[in-house]
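Q: my_file-v5.txt is reproduced below (compact mmCIF, C-alpha atoms).
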```
# COMPACT_ATOMS: atom_id res chain seq x y z
CA MET O 20 0.00 0.00 0.00
CA SER O 21 1.28 3.43 -0.93
CA ARG O 22 0.27 6.61 0.77
CA TYR O 23 -1.45 8.52 -2.01
CA ARG O 24 -4.42 10.78 -1.96
CA MET O 25 -6.84 11.33 -4.82
CA VAL O 26 -7.10 14.84 -6.22
CA TYR O 27 -9.76 15.87 -8.81
CA THR O 28 -8.59 18.36 -11.37
CA TYR O 29 -9.69 19.80 -14.72
CA LEU O 30 -6.28 21.26 -15.51
CA PRO O 31 -4.05 19.69 -18.20
CA LEU O 32 -1.01 17.73 -17.09
CA ARG O 33 2.23 19.63 -16.95
CA GLY O 34 5.85 19.00 -16.27
CA ALA O 35 6.97 15.51 -15.40
CA GLU O 36 3.55 13.94 -15.89
CA ARG O 37 3.38 15.25 -19.43
CA SER O 38 6.90 14.20 -20.33
CA ARG O 39 6.22 10.66 -19.11
CA GLY O 40 3.08 10.51 -21.23
CA GLU O 41 0.83 9.61 -18.28
CA TYR O 42 -2.89 9.37 -18.93
CA THR O 43 -5.59 10.53 -16.53
CA ASP O 44 -9.32 11.13 -16.83
CA GLY O 45 -9.68 14.04 -14.44
CA VAL O 46 -8.13 12.12 -11.51
CA ILE O 47 -4.46 12.17 -10.64
CA PHE O 48 -2.61 10.49 -7.81
CA ARG O 49 0.08 12.47 -6.07
CA PRO O 50 2.08 11.79 -2.87
CA GLU O 51 1.24 13.94 0.09
CA THR O 52 4.62 15.61 -0.11
CA THR O 53 3.94 17.08 -3.58
CA SER O 54 4.59 20.79 -3.44
CA GLY O 55 1.81 23.18 -4.24
CA ILE O 56 -0.93 20.87 -2.91
CA GLU O 57 -2.35 21.23 0.54
CA LYS O 58 -1.31 18.36 2.79
CA SER O 59 -4.02 16.56 4.67
CA ARG O 60 -4.79 13.26 6.30
CA SER O 61 -6.64 10.98 3.91
CA ARG O 62 -7.44 7.36 3.31
CA GLN O 63 -4.82 5.10 1.79
CA PHE O 64 -5.36 3.92 -1.79
CA PRO O 65 -3.42 1.32 -3.72
CA LEU O 66 -1.43 2.70 -6.62
CA PRO O 67 -3.48 2.13 -9.80
CA PRO O 68 -1.85 0.37 -12.74
CA VAL O 69 -0.42 2.56 -15.47
CA ARG O 70 -2.67 2.68 -18.51
CA PRO O 71 -0.93 1.36 -21.64
CA PRO O 72 -0.07 3.92 -24.32
CA ARG O 73 -2.82 4.61 -26.83
CA GLU O 74 -2.24 4.03 -30.48
CA ALA O 75 -2.24 7.22 -32.50
CA LEU O 76 -4.58 7.28 -35.48
CA ILE O 77 -3.10 9.72 -37.91
CA CYS O 78 -3.89 10.02 -41.58
CA SER O 79 -2.48 12.92 -43.53
CA GLU O 80 -4.14 12.02 -46.82
CA THR O 81 -6.61 14.62 -48.02
CA THR O 82 -6.99 13.82 -51.71
CA PRO O 83 -9.30 11.15 -53.15
CA THR O 84 -7.50 7.87 -53.47
CA ALA O 85 -7.53 4.34 -54.77
CA THR O 86 -6.76 1.30 -52.66
CA MET O 87 -3.40 -0.38 -52.37
CA PRO O 88 -2.11 -2.98 -49.87
CA LEU O 89 -0.44 -1.85 -46.67
CA PRO O 90 2.31 -3.55 -44.72
CA PRO O 91 1.00 -5.21 -41.55
CA PRO O 92 0.40 -2.79 -38.67
CA PRO O 93 3.02 -2.56 -35.93
CA PRO O 94 2.57 -4.86 -32.91
CA GLN O 95 0.54 -3.54 -30.00
CA PRO O 96 2.70 -2.28 -27.11
CA SER O 97 2.69 -4.48 -24.05
CA THR O 98 1.22 -3.28 -20.76
CA SER O 99 3.80 -2.32 -18.17
CA ARG O 100 3.99 -0.13 -15.12
CA ALA O 101 6.51 2.15 -16.76
CA SER O 102 4.96 4.91 -18.83
CA ALA O 103 6.03 5.01 -22.48
CA PRO O 104 5.60 7.78 -25.06
CA VAL O 105 2.72 7.47 -27.50
CA PRO O 106 4.02 5.85 -30.71
CA HIS O 107 3.66 7.93 -33.85
CA THR O 108 2.28 5.87 -36.70
CA THR O 109 0.64 6.57 -40.04
CA HIS O 110 -1.15 3.23 -40.20
CA ARG O 111 -4.89 2.93 -39.74
CA ARG O 112 -6.27 0.76 -36.97
CA TYR O 113 -8.34 -2.17 -38.19
CA SER O 114 -10.71 -4.53 -36.47
CA GLU O 115 -9.96 -8.21 -36.55
CA GLY O 116 -10.87 -9.78 -39.86
CA GLN O 117 -11.10 -6.45 -41.69
CA ASN O 118 -9.35 -6.07 -45.03
CA ARG O 119 -6.10 -4.22 -44.34
CA THR O 120 -5.96 -1.72 -47.18
CA ALA O 121 -5.12 1.94 -47.30
CA VAL O 122 -5.70 4.66 -49.83
CA ALA O 123 -3.11 6.24 -52.04
CA PRO O 124 -3.52 9.49 -54.04
CA LEU O 125 -4.79 9.01 -57.58
CA LEU O 126 -5.80 12.53 -58.63
CA ASP O 127 -3.86 15.68 -57.88
CA GLU O 128 -5.42 18.56 -56.00
CA ASN O 129 -6.41 20.59 -59.08
CA ARG O 130 -8.15 17.66 -60.75
CA THR O 131 -9.88 16.80 -57.51
CA LYS O 132 -11.37 20.30 -57.35
CA ILE O 133 -12.59 19.94 -60.93
CA VAL O 134 -14.18 16.58 -60.15
CA VAL O 135 -15.99 17.93 -57.07
CA SER O 136 -17.23 20.99 -58.97
CA ASP O 137 -18.54 18.91 -61.88
CA ALA O 138 -20.14 16.44 -59.48
CA LYS O 139 -22.05 19.28 -57.82
CA VAL O 140 -23.38 20.38 -61.20
CA TYR O 141 -24.51 16.80 -61.85
CA VAL O 142 -26.39 16.75 -58.53
CA ILE O 143 -28.09 20.10 -59.29
CA LYS O 144 -29.26 18.84 -62.68
CA GLN O 145 -30.68 15.67 -61.17
CA THR O 146 -32.42 17.59 -58.38
CA LEU O 147 -34.06 20.08 -60.73
CA ASN O 148 -34.98 17.74 -63.56
CA ASN O 149 -35.54 14.29 -62.08
CA CYS O 150 -36.09 14.06 -58.33
CA GLY O 151 -35.81 16.59 -55.55
CA PHE O 152 -36.50 14.22 -52.66
CA LEU O 153 -34.22 11.24 -52.06
CA SER O 154 -33.68 8.97 -49.09
CA SER O 155 -30.25 8.71 -47.48
CA SER O 156 -29.33 5.56 -49.43
CA ASN O 157 -30.50 7.08 -52.71
CA ARG O 158 -28.52 10.23 -51.99
CA LEU O 159 -25.40 8.12 -51.53
CA THR O 160 -26.10 6.44 -54.87
CA LEU O 161 -26.57 9.84 -56.52
CA ALA O 162 -23.28 11.09 -55.08
CA THR O 163 -21.50 7.99 -56.40
CA ASP O 164 -22.99 8.44 -59.87
CA ALA O 165 -22.00 12.11 -59.81
CA LEU O 166 -18.38 11.24 -58.99
CA ILE O 167 -18.28 8.59 -61.71
CA ASP O 168 -19.58 11.08 -64.26
CA ALA O 169 -17.25 13.85 -63.11
CA CYS O 170 -13.99 11.87 -62.98
CA SER O 171 -14.54 9.90 -66.21
CA PRO O 172 -12.30 12.29 -68.23
CA PHE O 173 -9.39 11.54 -65.87
CA ILE O 174 -9.85 7.82 -65.19
CA GLN O 175 -10.55 5.72 -68.25
CA PRO O 176 -10.88 2.04 -67.23
CA ASP O 177 -14.45 1.53 -66.05
CA ASN O 178 -13.51 -0.86 -63.27
CA LEU O 179 -10.96 1.58 -61.84
CA LEU O 180 -13.40 4.45 -62.29
CA GLN O 181 -16.13 2.75 -60.26
CA LYS O 182 -13.57 1.60 -57.69
CA TRP O 183 -12.31 5.15 -57.25
CA ALA O 184 -15.82 6.54 -56.82
CA SER O 185 -16.77 3.85 -54.30
CA ASP O 186 -13.61 4.40 -52.26
CA ASN O 187 -13.96 8.18 -52.14
CA VAL O 188 -17.71 8.80 -52.01
CA HIS O 189 -17.73 8.83 -48.20
CA VAL O 190 -14.93 11.40 -48.15
CA LEU O 191 -16.53 13.69 -50.73
CA TYR O 192 -20.20 12.95 -49.99
CA LYS O 193 -20.95 16.07 -47.98
CA SER O 194 -19.39 18.41 -50.54
CA VAL O 195 -21.08 16.72 -53.49
CA ILE O 196 -24.61 16.28 -52.10
CA THR O 197 -24.95 19.69 -50.41
CA PRO O 198 -26.48 21.40 -53.50
CA MET O 199 -29.56 19.17 -53.17
CA SER O 200 -30.31 20.51 -49.69
CA THR O 201 -29.50 24.03 -50.87
CA ILE O 202 -32.08 23.80 -53.66
CA LEU O 203 -34.80 22.53 -51.33
CA ASN O 204 -34.04 25.37 -48.92
CA ARG O 205 -34.32 27.85 -51.78
CA PHE O 206 -37.75 26.50 -52.70
CA LYS O 207 -38.90 26.83 -49.10
CA LYS O 208 -37.51 30.34 -48.78
CA GLY O 209 -39.11 31.32 -52.09
CA THR O 210 -42.55 30.40 -50.75
CA GLN O 211 -42.37 32.37 -47.52
CA ASP O 212 -42.69 35.74 -49.25
CA VAL O 213 -45.65 34.83 -51.46
CA VAL O 214 -47.84 32.33 -49.61
CA GLU O 215 -49.45 34.77 -47.17
CA PHE O 216 -50.41 37.20 -49.91
CA LEU O 217 -51.26 34.98 -52.88
CA TYR O 218 -53.28 32.52 -50.77
CA LYS O 219 -54.99 35.51 -49.10
CA LEU O 220 -54.00 34.64 -45.55
CA GLN O 221 -53.42 38.31 -44.79
CA VAL O 222 -56.38 40.31 -43.53
CA SER O 223 -56.98 43.97 -42.83
CA VAL O 224 -54.84 45.64 -40.21
CA TRP O 225 -58.08 46.55 -38.41
CA THR O 226 -59.03 42.90 -37.94
CA ASP O 227 -58.74 41.63 -34.38
CA SER O 228 -56.32 38.80 -33.62
CA GLU O 229 -58.97 36.13 -33.00
CA THR O 230 -60.69 36.76 -36.32
CA GLU O 231 -57.35 36.74 -38.13
CA ALA O 232 -56.32 33.43 -36.52
CA HIS O 233 -59.67 31.87 -37.38
CA HIS O 234 -59.37 33.04 -41.00
CA LYS O 235 -55.90 31.49 -41.33
CA ARG O 236 -56.99 28.18 -39.79
CA THR O 237 -60.04 27.78 -42.01
CA THR O 238 -58.21 28.85 -45.16
CA VAL O 239 -55.32 26.46 -44.62
CA ASP O 240 -57.73 23.65 -43.74
CA PHE O 241 -59.64 24.20 -47.00
CA LEU O 242 -56.44 24.23 -49.05
CA THR O 243 -54.53 21.35 -47.43
CA GLY O 244 -56.83 19.62 -44.92
CA ASN O 245 -57.58 15.89 -45.29
CA ASP O 246 -54.79 15.54 -47.88
CA SER O 247 -56.55 18.02 -50.16
CA LEU O 248 -54.74 19.38 -53.24
CA ASN O 249 -56.87 22.51 -53.52
CA PHE O 250 -53.76 24.64 -53.06
CA ILE O 251 -52.39 23.74 -56.53
CA PHE O 252 -55.45 24.85 -58.53
CA GLY O 253 -55.69 28.33 -60.03
CA ASP O 254 -58.68 30.57 -60.60
CA LYS O 255 -61.51 29.52 -62.90
CA VAL O 256 -60.81 29.84 -66.61
CA ARG O 257 -63.64 30.05 -69.17
CA LEU O 258 -62.97 27.85 -72.20
CA GLU O 259 -64.20 28.50 -75.74
CA ASN O 260 -67.15 26.17 -75.21
CA GLY O 261 -68.23 28.21 -72.19
CA GLN O 262 -67.08 25.66 -69.62
CA GLU O 263 -65.24 26.99 -66.55
CA VAL O 264 -62.22 24.97 -65.43
CA ARG O 265 -59.62 25.35 -62.68
CA PHE O 266 -56.30 23.98 -63.93
CA ALA O 267 -53.85 22.24 -61.63
CA PHE O 268 -50.54 23.95 -60.78
CA GLU O 269 -51.83 27.26 -62.18
CA HIS O 270 -52.27 28.95 -58.82
CA ASP O 271 -50.37 32.23 -58.84
CA ALA O 272 -48.32 31.13 -55.84
CA ILE O 273 -47.08 27.94 -57.55
CA ILE O 274 -46.13 29.78 -60.73
CA LYS O 275 -44.39 32.53 -58.78
CA ILE O 276 -42.34 29.97 -56.83
CA VAL O 277 -41.21 28.27 -60.04
CA GLU O 278 -40.19 31.56 -61.59
CA ARG O 279 -38.44 33.02 -58.57
CA VAL O 280 -36.51 29.96 -57.45
CA VAL O 281 -35.45 28.52 -60.80
CA PHE O 282 -35.80 30.95 -63.68
CA HIS O 283 -34.72 34.13 -61.94
CA ASP O 284 -31.43 32.46 -61.01
CA ALA O 285 -29.08 32.27 -63.98
CA ASN O 286 -27.07 29.47 -62.35
CA TYR O 287 -30.13 27.22 -62.11
CA LYS O 288 -31.94 28.30 -65.27
CA CYS O 289 -29.14 27.09 -67.52
CA LEU O 290 -29.23 23.64 -65.90
CA VAL O 291 -32.92 22.97 -66.53
CA ASN O 292 -33.48 20.47 -69.33
CA SER O 293 -34.34 22.11 -72.64
CA ASP O 294 -36.98 19.50 -73.53
CA GLY O 295 -39.70 21.68 -71.99
CA LYS O 296 -40.61 19.33 -69.13
CA LEU O 297 -40.87 21.10 -65.80
CA ASP O 298 -42.82 18.36 -64.01
CA ASN O 299 -40.30 17.87 -61.22
CA ILE O 300 -39.91 21.60 -60.59
CA PHE O 301 -43.68 22.10 -60.34
CA ALA O 302 -44.00 19.15 -57.95
CA ILE O 303 -41.28 20.53 -55.65
CA SER O 304 -42.88 23.98 -55.79
CA GLY O 305 -46.26 22.53 -54.84
CA ALA O 306 -44.78 20.62 -51.90
CA ALA O 307 -42.95 23.76 -50.73
CA ALA O 308 -46.17 25.80 -50.95
CA CYS O 309 -48.01 23.20 -48.86
CA CYS O 310 -45.21 23.28 -46.27
CA SER O 311 -45.48 27.05 -45.92
CA LEU O 312 -49.28 26.91 -45.72
CA GLN O 313 -49.17 24.35 -42.93
CA GLU O 314 -47.02 26.73 -40.91
CA PHE O 315 -50.22 28.78 -40.41
CA ALA O 316 -52.50 25.81 -39.73
CA GLN O 317 -52.87 26.77 -36.03
CA GLY O 318 -53.75 30.37 -36.78
CA SER O 319 -50.26 31.73 -36.16
CA PHE O 320 -46.88 31.06 -37.69
CA LYS O 321 -44.99 27.97 -36.56
CA LYS O 322 -41.94 26.94 -38.56
CA ILE O 323 -41.95 23.57 -40.35
CA ASP O 324 -38.81 22.20 -42.00
CA PHE O 325 -39.04 21.21 -45.66
CA THR O 326 -37.51 17.73 -45.34
CA TYR O 327 -37.68 14.32 -46.97
CA PRO O 328 -39.52 12.48 -44.15
CA ASP O 329 -42.32 15.06 -43.99
CA PHE O 330 -42.92 15.93 -47.64
CA HIS O 331 -41.61 13.09 -49.79
CA ALA O 332 -45.05 11.43 -49.83
CA LEU O 333 -46.71 14.67 -50.96
CA TYR O 334 -44.07 15.16 -53.65
CA LYS O 335 -44.77 11.65 -54.96
CA ARG O 336 -48.52 12.39 -55.01
CA LEU O 337 -47.98 15.54 -57.04
CA MET O 338 -45.71 13.72 -59.51
CA ALA O 339 -48.31 10.96 -59.85
CA PHE O 340 -51.01 13.59 -60.44
CA ILE O 341 -48.98 15.07 -63.28
CA GLN O 342 -48.29 11.68 -64.87
CA ASP O 343 -51.73 10.12 -64.42
CA LYS O 344 -54.10 13.11 -64.70
CA ILE O 345 -52.38 15.72 -66.84
CA ARG O 346 -50.13 13.86 -69.26
CA LYS O 347 -52.75 11.23 -70.03
CA SER O 348 -55.38 13.82 -70.94
CA PRO O 349 -54.87 15.37 -74.43
CA MET O 350 -56.63 18.61 -73.48
CA LEU O 351 -54.78 19.02 -70.18
CA LEU O 352 -51.47 18.06 -71.77
CA VAL O 353 -51.75 20.85 -74.36
CA ARG O 354 -52.46 23.37 -71.61
CA TRP O 355 -49.60 21.95 -69.48
CA GLU O 356 -47.04 22.31 -72.26
CA GLN O 357 -48.25 25.83 -73.04
CA LEU O 358 -47.78 26.76 -69.39
CA HIS O 359 -44.18 25.52 -69.45
CA GLU O 360 -43.44 27.43 -72.64
CA ARG O 361 -44.88 30.68 -71.29
CA ILE O 362 -42.81 30.42 -68.11
CA ARG O 363 -39.65 29.89 -70.14
CA GLN O 364 -40.46 32.84 -72.37
CA ARG O 365 -41.11 35.17 -69.44
CA ALA O 366 -37.78 34.16 -67.92
CA SER O 367 -35.83 34.82 -71.14
CA PRO O 368 -34.69 38.30 -72.20
CA PRO O 369 -36.93 39.85 -74.90
CA SER O 370 -34.07 39.89 -77.42
CA LEU O 371 -33.56 36.11 -77.06
CA VAL O 372 -37.27 35.41 -77.41
CA ALA O 373 -37.48 37.56 -80.57
CA SER O 374 -34.42 35.90 -82.11
CA SER O 375 -35.72 32.40 -81.47
```
Do you think you could lay out the structure here as structure tokens?
A:
Amino acid sequence: MSRYRMVYTYLPLRGAERSRGEYTDGVIFRPETTSGIEKSRSRQFPLPPVRPPREALICSETTPTATMPLPPPPPQPSTSRASAPVPHTTHRRYSEGQNRTAVAPLLDENRTKIVVSDAKVYVIKQTLNNCGFLSSSNRLTLATDALIDACSPFIQPDNLLQKWASDNVHVLYKSVITPMSTILNRFKKGTQDVVEFLYKLQVSVWTDSETEAHHKRTTVDFLTGNDSLNFIFGDKVRLENGQEVRFAFEHDAIIKIVERVVFHDANYKCLVNSDGKLDNIFAISGAAACCSLQEFAQGSFKKIDFTYPDFHALYKRLMAFIQDKIRKSPMLLVRWEQLHERIRQRASPPSLVASS
């Protein structure tokens, strides 16, 4: 038994303890004669065993890489009472049975930047033209496809190309997939300035608060309650035969969201497919409008995040509505294509429209 007393401290180790590489978790053991510490009578504690040195996990590689075999890792240091300095190693630590491979640089820094930039453009195109809501696994697949497409000019063999993308997708995933979240946030932000006015949630300044809250609750319930899609339909339009029809996705709010988020941004407008189909963009805009409307469902504003778990099902419903109701009806399809063309024309400078 050694005469030691236990002292709790939050200060880092200094001096001899640091040079010997001792490890403590907020508790250090010092003899009673240690200077600078008040001496007192205390219980006797056995000297604890010295913790073995921890293996350093250091990896200085920052560029995307391909796999190559590593030499076997160094042997684990044996446990002893004498403190030893932490070994400096560049090897990764592997669990038993894991394939012992490491990554070696394959693309230089400049080419890596080009690959990441082109992969982001790929993700933006897919988000705007094909699908704006993806699950986590599908996002990982999209990021992998984006890397394969972006690095194909630099890596020719297909097997090495896919291997490179698979090995580096987890390193570059966050940088590559971020534009998808950015686009969804832009759609949500684009609705916040128009929903209150174009869906007539605003009332006179002279209206008392209870009447205003009741008006917002009933309006939002009519537009979105019980899974209703009333919020996507525009005002009545009189046809040549005298029939009055309300066309889907022609509400002023939906059209304004499409124009403001996509076609008023030159960086996004140039990435929209030129085949005239804006189905995906209209579906995202409708889902974003519904999200902003539901923020007033209780009569006052309460923020709701525009996320995959909450609005993917609605997005799929809107896409199904376009495919099953609009594109399978000759009359509605003509009107739908005319709507797309008019939006494109309004977003283009007058000189370009005249020249075309």
Q: If you count all atoms listed in the file, which residues fall within 8 Å of Val280 in chain O, apart from same-chain ones fewer than 2 positions away, as a list in words?
A: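 With the cut-off at 8 Å, the set is Arg205, Phe206, Gly209, Ile276, Val277, Glu278, Phe282, His283 and Asp284 of chain O.
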Q: List as a list in words: which residues have an atom within 6 Å of (-55.6, 25.8, -42.3), counting only C-alpha atoms?
A: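 Within 6 Å of (-55.6, 25.8, -42.3), the protein and nucleic acid residues are Lys235, Arg236, Thr237, Thr238, Val239, Asp240 and Ala316 of chain O.
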Q: Could you give me, as an NGL selection string, the residues within 9 Å of range 320-337 of chain O, counting all atoms listed in the file and dropping anything in the same chain fewer than 6 positions from it?
A: :O and (151-154 or 200 or 203-204 or 206-207 or 246 or 248 or 299 or 301-303 or 305-307 or 309-311 or 313-314)
Q: So how many Å separate CA of Arg158 in chain O and CA of Leu297 in chain O, to one decimal?
A: 21.5 Å
Q: Go ahead and compute the interatomic distance for CA of Lys132 in chain O and CA of Ser293 in chain O, in Å to one decimal.
A: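 Distance reported for this atom pair: 27.7 Å.
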Q: Restricting the calculation to only C-alpha atoms: of O:Thr160, O:Arg130, O:Met338, O:Lys296, which residue gets closest to Gln357 in chain O?
A: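 The closest residue to Gln357 in chain O is O:Lys296.
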Q: Distance CA of Phe250 in chain O-CA of Ser223 in chain O, one decimal place?
A: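 Between CA of Phe250 in chain O and CA of Ser223 in chain O the gap works out to 22.1 Å.
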Q: Show me, as a list in words, the residues that have an atom within 12 Å of Leu258 in chain O when counting only C-alpha atoms, minus same-chain residues fewer than 6 positions from it.
A: Val264, Arg265, Phe266, Met350 and Arg354 of chain O
Q: Show me the residues around (-27.3, 20.1, -54.0) - criterion: an atom at most 12 Å away, all atoms listed in the file counted - as a VMD selection string.
A: chain O and resid 135 to 147 150 to 153 158 161 to 162 165 192 to 205 287
Q: Restricting it to C-alpha atoms, dump the selection as an mmCIF file, in the frame of the given file.
A:
```cif
data_model
loop_
_atom_site.group_PDB
_atom_site.id
_atom_site.type_symbol
_atom_site.label_atom_id
_atom_site.label_comp_id
_atom_site.auth_asym_id
_atom_site.auth_seq_id
_atom_site.Cartn_x
_atom_site.Cartn_y
_atom_site.Cartn_z
ATOM 1 C CA VAL O 135 -15.990 17.930 -57.070
ATOM 2 C CA SER O 136 -17.230 20.990 -58.970
ATOM 3 C CA ASP O 137 -18.540 18.910 -61.880
ATOM 4 C CA ALA O 138 -20.140 16.440 -59.480
ATOM 5 C CA LYS O 139 -22.050 19.280 -57.820
ATOM 6 C CA VAL O 140 -23.380 20.380 -61.200
ATOM 7 C CA TYR O 141 -24.510 16.800 -61.850
ATOM 8 C CA VAL O 142 -26.390 16.750 -58.530
ATOM 9 C CA ILE O 143 -28.090 20.100 -59.290
ATOM 10 C CA LYS O 144 -29.260 18.840 -62.680
ATOM 11 C CA GLN O 145 -30.680 15.670 -61.170
ATOM 12 C CA THR O 146 -32.420 17.590 -58.380
ATOM 13 C CA LEU O 147 -34.060 20.080 -60.730
ATOM 14 C CA CYS O 150 -36.090 14.060 -58.330
ATOM 15 C CA GLY O 151 -35.810 16.590 -55.550
ATOM 16 C CA PHE O 152 -36.500 14.220 -52.660
ATOM 17 C CA LEU O 153 -34.220 11.240 -52.060
ATOM 18 C CA ARG O 158 -28.520 10.230 -51.990
ATOM 19 C CA LEU O 161 -26.570 9.840 -56.520
ATOM 20 C CA ALA O 162 -23.280 11.090 -55.080
ATOM 21 C CA ALA O 165 -22.000 12.110 -59.810
ATOM 22 C CA TYR O 192 -20.200 12.950 -49.990
ATOM 23 C CA LYS O 193 -20.950 16.070 -47.980
ATOM 24 C CA SER O 194 -19.390 18.410 -50.540
ATOM 25 C CA VAL O 195 -21.080 16.720 -53.490
ATOM 26 C CA ILE O 196 -24.610 16.280 -52.100
ATOM 27 C CA THR O 197 -24.950 19.690 -50.410
ATOM 28 C CA PRO O 198 -26.480 21.400 -53.500
ATOM 29 C CA MET O 199 -29.560 19.170 -53.170
ATOM 30 C CA SER O 200 -30.310 20.510 -49.690
ATOM 31 C CA THR O 201 -29.500 24.030 -50.870
ATOM 32 C CA ILE O 202 -32.080 23.800 -53.660
ATOM 33 C CA LEU O 203 -34.800 22.530 -51.330
ATOM 34 C CA ASN O 204 -34.040 25.370 -48.920
ATOM 35 C CA ARG O 205 -34.320 27.850 -51.780
ATOM 36 C CA TYR O 287 -30.130 27.220 -62.110
#
```
Q: From the structure block, carefully write range 349-360 of chain O out with N, CA and C atoms; format it as an mmCIF file, in the first residue's frame.
A:
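The resulting file, part.cif, is reproduced below:
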```cif
data_model
loop_
_atom_site.group_PDB
_atom_site.id
_atom_site.type_symbol
_atom_site.label_atom_id
_atom_site.label_comp_id
_atom_site.auth_asym_id
_atom_site.auth_seq_id
_atom_site.Cartn_x
_atom_site.Cartn_y
_atom_site.Cartn_z
ATOM 1 N N PRO O 349 -55.345 14.526 -73.310
ATOM 2 C CA PRO O 349 -54.869 15.367 -74.427
ATOM 3 C C PRO O 349 -55.135 16.852 -74.196
ATOM 4 N N MET O 350 -56.306 17.197 -73.690
ATOM 5 C CA MET O 350 -56.627 18.605 -73.478
ATOM 6 C C MET O 350 -55.755 19.222 -72.391
ATOM 7 N N LEU O 351 -55.615 18.510 -71.266
ATOM 8 C CA LEU O 351 -54.780 19.017 -70.182
ATOM 9 C C LEU O 351 -53.306 19.051 -70.563
ATOM 10 N N LEU O 352 -52.871 18.101 -71.370
ATOM 11 C CA LEU O 352 -51.466 18.063 -71.772
ATOM 12 C C LEU O 352 -51.107 19.274 -72.629
ATOM 13 N N VAL O 353 -52.005 19.665 -73.531
ATOM 14 C CA VAL O 353 -51.749 20.848 -74.356
ATOM 15 C C VAL O 353 -51.609 22.088 -73.468
ATOM 16 N N ARG O 354 -52.516 22.226 -72.528
ATOM 17 C CA ARG O 354 -52.463 23.367 -71.612
ATOM 18 C C ARG O 354 -51.191 23.323 -70.766
ATOM 19 N N TRP O 355 -50.792 22.137 -70.310
ATOM 20 C CA TRP O 355 -49.600 21.954 -69.483
ATOM 21 C C TRP O 355 -48.341 22.372 -70.227
ATOM 22 N N GLU O 356 -48.221 21.955 -71.473
ATOM 23 C CA GLU O 356 -47.037 22.308 -72.265
ATOM 24 C C GLU O 356 -47.015 23.801 -72.590
ATOM 25 N N GLN O 357 -48.195 24.393 -72.803
ATOM 26 C CA GLN O 357 -48.248 25.834 -73.041
ATOM 27 C C GLN O 357 -47.813 26.609 -71.799
ATOM 28 N N LEU O 358 -48.189 26.119 -70.631
ATOM 29 C CA LEU O 358 -47.775 26.765 -69.392
ATOM 30 C C LEU O 358 -46.257 26.747 -69.254
ATOM 31 N N HIS O 359 -45.640 25.619 -69.527
ATOM 32 C CA HIS O 359 -44.179 25.518 -69.448
ATOM 33 C C HIS O 359 -43.514 26.488 -70.413
ATOM 34 N N GLU O 360 -44.042 26.563 -71.624
ATOM 35 C CA GLU O 360 -43.443 27.431 -72.637
ATOM 36 C C GLU O 360 -43.569 28.903 -72.240
#
```
